[in-house]
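*Asks:* Below is one structure. I have some questions about it.
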4 protein chains.
Amino acid sequence: MPQATGEKRWFIPDAYIPEHSAGQLTSHESVCVLNTASDDALLQFTIYFEDREPIEDILVVVPARRTRHIRTSSLAKDGKSIPPGVPYAIEVRSDIKVIVQYSRLDATQAENALMSVMAFPIH
Amino acid sequence: MPQATGEKRWFIPDAYIPEHSAGQLTSHESVCVLNTASDDALLQFTIYFEDREPIEDILVVVPARRTRHIRTSSLAKDGKSIPPGVPYAIEVRSDIKVIVQYSRLDATQAENALMSVMAFPIH
Amino acid sequence: MPQATGEKRWFIPDAYIPEHSAGQLTSHESVCVLNTASDDALLQFTIYFEDREPIEDILVVVPARRTRHIRTSSLAKDGKSIPPGVPYAIEVRSDIKVIVQYSRLDATQAENALMSVMAFPIH
Amino acid sequence: MPQATGEKRWFIPDAYIPEHSAGQLTSHESVCVLNTASDDALLQFTIYFEDREPIEDILVVVPARRTRHIRTSSLAKDGKSIPPGVPYAIEVRSDIKVIVQYSRLDATQAENALMSVMAFPIH
């Protein structure tokens, strides 16, 4: 039976939703999660800011044996979402082991810029 | 005698084959594998999706003391390959230790965007 | 009570402040730090060069339960700051565990280029 | 006295010297090494290819308490250097612990693309 692989806590210190888009693509960030297990994974996001209290307990499900590329602009809790143009950081907790990567497409100018990192795991 | 180095299982949660290309270069992804051993490495790829069953058991050989930069568009099994424009994730298993890096060139616009990560190893 | 997470020493070998900017954005680097603890973190930066002595003991505070995205051009000690156009490297020490990521936006040309890495932690 | 930090063996599977340059900057790769110790570090590079024998024993010194951002086009042994336009991989061995990051600037088009990864360390 397929096993859970990876870690249960992951961190991304450099998150940022660009304010503008030009050209064919839209600026966005994705938190990309892989769940190799035969059970669904329940994720709990915490969003940290420079100048205000964290947003806690945003819940997302990643089904068994699936990946989900989660747009950060879709994360919301009690009507609070992540404002564009503000530096922030992301913590992901999962009830089972998963693997987490973070990528950003910046289309502020007509031509695109891309960056990606494996999130930092805590054992 | 040269030893195998690295790990036997590696993961890349954020994979994506861009649908369009402009300018001089073609959008593509590469899974770059280094085999430092004096034996060939036999790789087994699993491709995970957001909304359908994984494609399993795609086999690739990396010869002894060689690197291979494998285009993801070349991966296929029983006539099934990875569709462009669809978010997916990659697992690489190897019979001996290897080192795995993932890079994407996005040439959707005339000017290029690049991203690269070391794949996430499981010990 | 929220715990400190991560490591106390982090390294970034490839740092560089681009000399020029074009287009809408300004070339810059950020050292992005996440402090998950209920105590403030006191960071101590060391800047290494290719051809001169390091700049030591630049101090920065990251408040409890906050992130800070620190522009490297803001780092200074006794009137010495990091010159643009010069290859250098960064060491970050913290009195409590934190998580550190490094990103660079190069706007030398009108269109932007982005790169990002998780800093290398020492346990 | 300043201690050596990091690891003695590092790997970069995805290396590539772009063949063309346009715009203000030149396409290049850098292997960026930080030596925090009070002794010089002696590096030994091995270059792996897809279709030919490795180039071994290219030697580079990184002085005590310094960084060096080494252009891969400068690496040579007995008149053999790394050809542009060819996929390859890099192994770095050091006699003392160092930290290694790899970055590529692709200026094939007038606007630039950047990528960077921490090299993969073997303990």
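Each chain of the structure tokens is named A, B, ... in the order shown, its residues numbered from 1; ligands are numbered from 1 in display order.
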If the cut-off is 10 Å, can you tell me the residues of chain A near chain C, counting only C-alpha atoms? I'd like them as a PyMOL selection string.

*Replies:* chain A and resi 11-15+47-54+87-91+103-123

*Asks:* Just the strand (DSSP E) stuff from chain B, please, per backbone DSSP, written as a ChimeraX atom specification.

*Replies:* /B:7-15,28-35,41-49,55-62,66-71,76-77,80-81,88-106,113-118,120-122

*Asks:* Just write the chosen residues, C-alpha atoms, as a short mmCIF file (atom, residue, chain, number, x, y, z; two decimals), in the first residue's frame.

*Replies:*
```cif
data_model
loop_
_atom_site.label_atom_id
_atom_site.label_comp_id
_atom_site.auth_asym_id
_atom_site.auth_seq_id
_atom_site.Cartn_x
_atom_site.Cartn_y
_atom_site.Cartn_z
CA GLU B 7 19.76 8.91 -2.57
CA LYS B 8 17.46 6.34 -4.20
CA ARG B 9 14.15 8.30 -4.02
CA TRP B 10 13.57 11.89 -5.11
CA PHE B 11 10.45 14.06 -5.45
CA ILE B 12 9.49 17.17 -7.45
CA PRO B 13 6.01 18.48 -6.49
CA ASP B 14 5.90 21.38 -8.98
CA ALA B 15 6.15 20.08 -12.54
CA HIS B 28 10.67 22.56 -21.63
CA GLU B 29 11.49 20.85 -18.35
CA SER B 30 14.50 18.65 -17.58
CA VAL B 31 15.01 16.10 -14.83
CA CYS B 32 18.81 16.14 -14.53
CA VAL B 33 20.36 13.02 -13.02
CA LEU B 34 23.99 12.41 -12.05
CA ASN B 35 25.25 8.85 -11.65
CA ALA B 41 21.42 3.32 -12.75
CA LEU B 42 17.90 2.14 -13.61
CA LEU B 43 15.34 4.88 -12.89
CA GLN B 44 11.60 4.33 -12.43
CA PHE B 45 9.39 7.44 -12.75
CA THR B 46 5.91 7.91 -11.26
CA ILE B 47 3.85 10.88 -12.53
CA TYR B 48 1.15 12.23 -10.16
CA PHE B 49 -1.73 14.46 -11.27
CA ILE B 55 1.28 6.99 -14.53
CA GLU B 56 3.69 4.43 -13.07
CA ASP B 57 6.82 2.52 -14.04
CA ILE B 58 8.35 4.70 -16.73
CA LEU B 59 11.92 3.36 -17.03
CA VAL B 60 15.07 5.33 -17.92
CA VAL B 61 18.76 4.29 -17.75
CA VAL B 62 21.57 6.63 -16.70
CA ARG B 66 27.45 9.96 -16.73
CA THR B 67 24.77 12.63 -16.36
CA ARG B 68 21.48 12.65 -18.26
CA HIS B 69 19.28 15.73 -18.66
CA ILE B 70 15.92 14.03 -19.36
CA ARG B 71 13.19 16.03 -21.11
CA ALA B 76 5.98 7.75 -21.89
CA LYS B 77 4.42 4.42 -20.88
CA LYS B 80 0.58 7.59 -22.25
CA SER B 81 2.74 10.71 -21.91
CA TYR B 88 1.70 17.45 -12.08
CA ALA B 89 4.42 16.03 -9.79
CA ILE B 90 7.32 13.61 -10.28
CA GLU B 91 8.75 10.75 -8.22
CA VAL B 92 12.08 9.21 -9.26
CA ARG B 93 13.23 5.88 -7.84
CA SER B 94 16.64 4.48 -8.69
CA ASP B 95 18.16 1.05 -8.01
CA ILE B 96 21.41 2.76 -6.92
CA LYS B 97 22.07 6.17 -5.37
CA VAL B 98 21.92 9.14 -7.75
CA ILE B 99 21.49 12.93 -7.47
CA VAL B 100 18.47 14.66 -9.07
CA GLN B 101 17.81 18.31 -10.00
CA TYR B 102 14.78 19.73 -11.83
CA SER B 103 14.79 22.79 -14.11
CA ARG B 104 12.16 24.52 -16.25
CA LEU B 105 12.61 26.95 -19.12
CA ASP B 106 9.44 28.91 -19.81
CA ALA B 113 12.18 32.53 -17.60
CA LEU B 114 14.16 29.86 -15.75
CA MET B 115 13.65 28.03 -12.48
CA SER B 116 15.56 25.19 -10.86
CA VAL B 117 15.42 23.17 -7.63
CA MET B 118 17.30 20.26 -6.19
CA PHE B 120 13.65 16.46 -2.45
CA PRO B 121 15.47 13.28 -1.34
CA ILE B 122 14.07 10.58 0.96
#
```

*Asks:* Could you tell me how far atom CA of Ser73 of chain C sits from atom CA of Pro18 of chain C, in Å to one decimal place?

*Replies:*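 Spanning atom CA of Pro18 of chain C to atom CA of Ser73 of chain C is a straight-line distance of 10.6 Å.
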
*Asks:* To one decimal place, how far is atom CA of Ile17 of chain A from atom CA of Thr72 of chain A in Å?

*Replies:* 7.9 Å

*Asks:* Calculated over only C-alpha atoms, which of the candidates A:Gly85, A:Pro2, A:Asp39, A:Gly79 has the smallest distance to Tyr16 of chain A?

*Replies:*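 Going through A:Gly85, A:Pro2, A:Asp39, A:Gly79 one by one, the smallest distance to Tyr16 of chain A is for A:Gly85.
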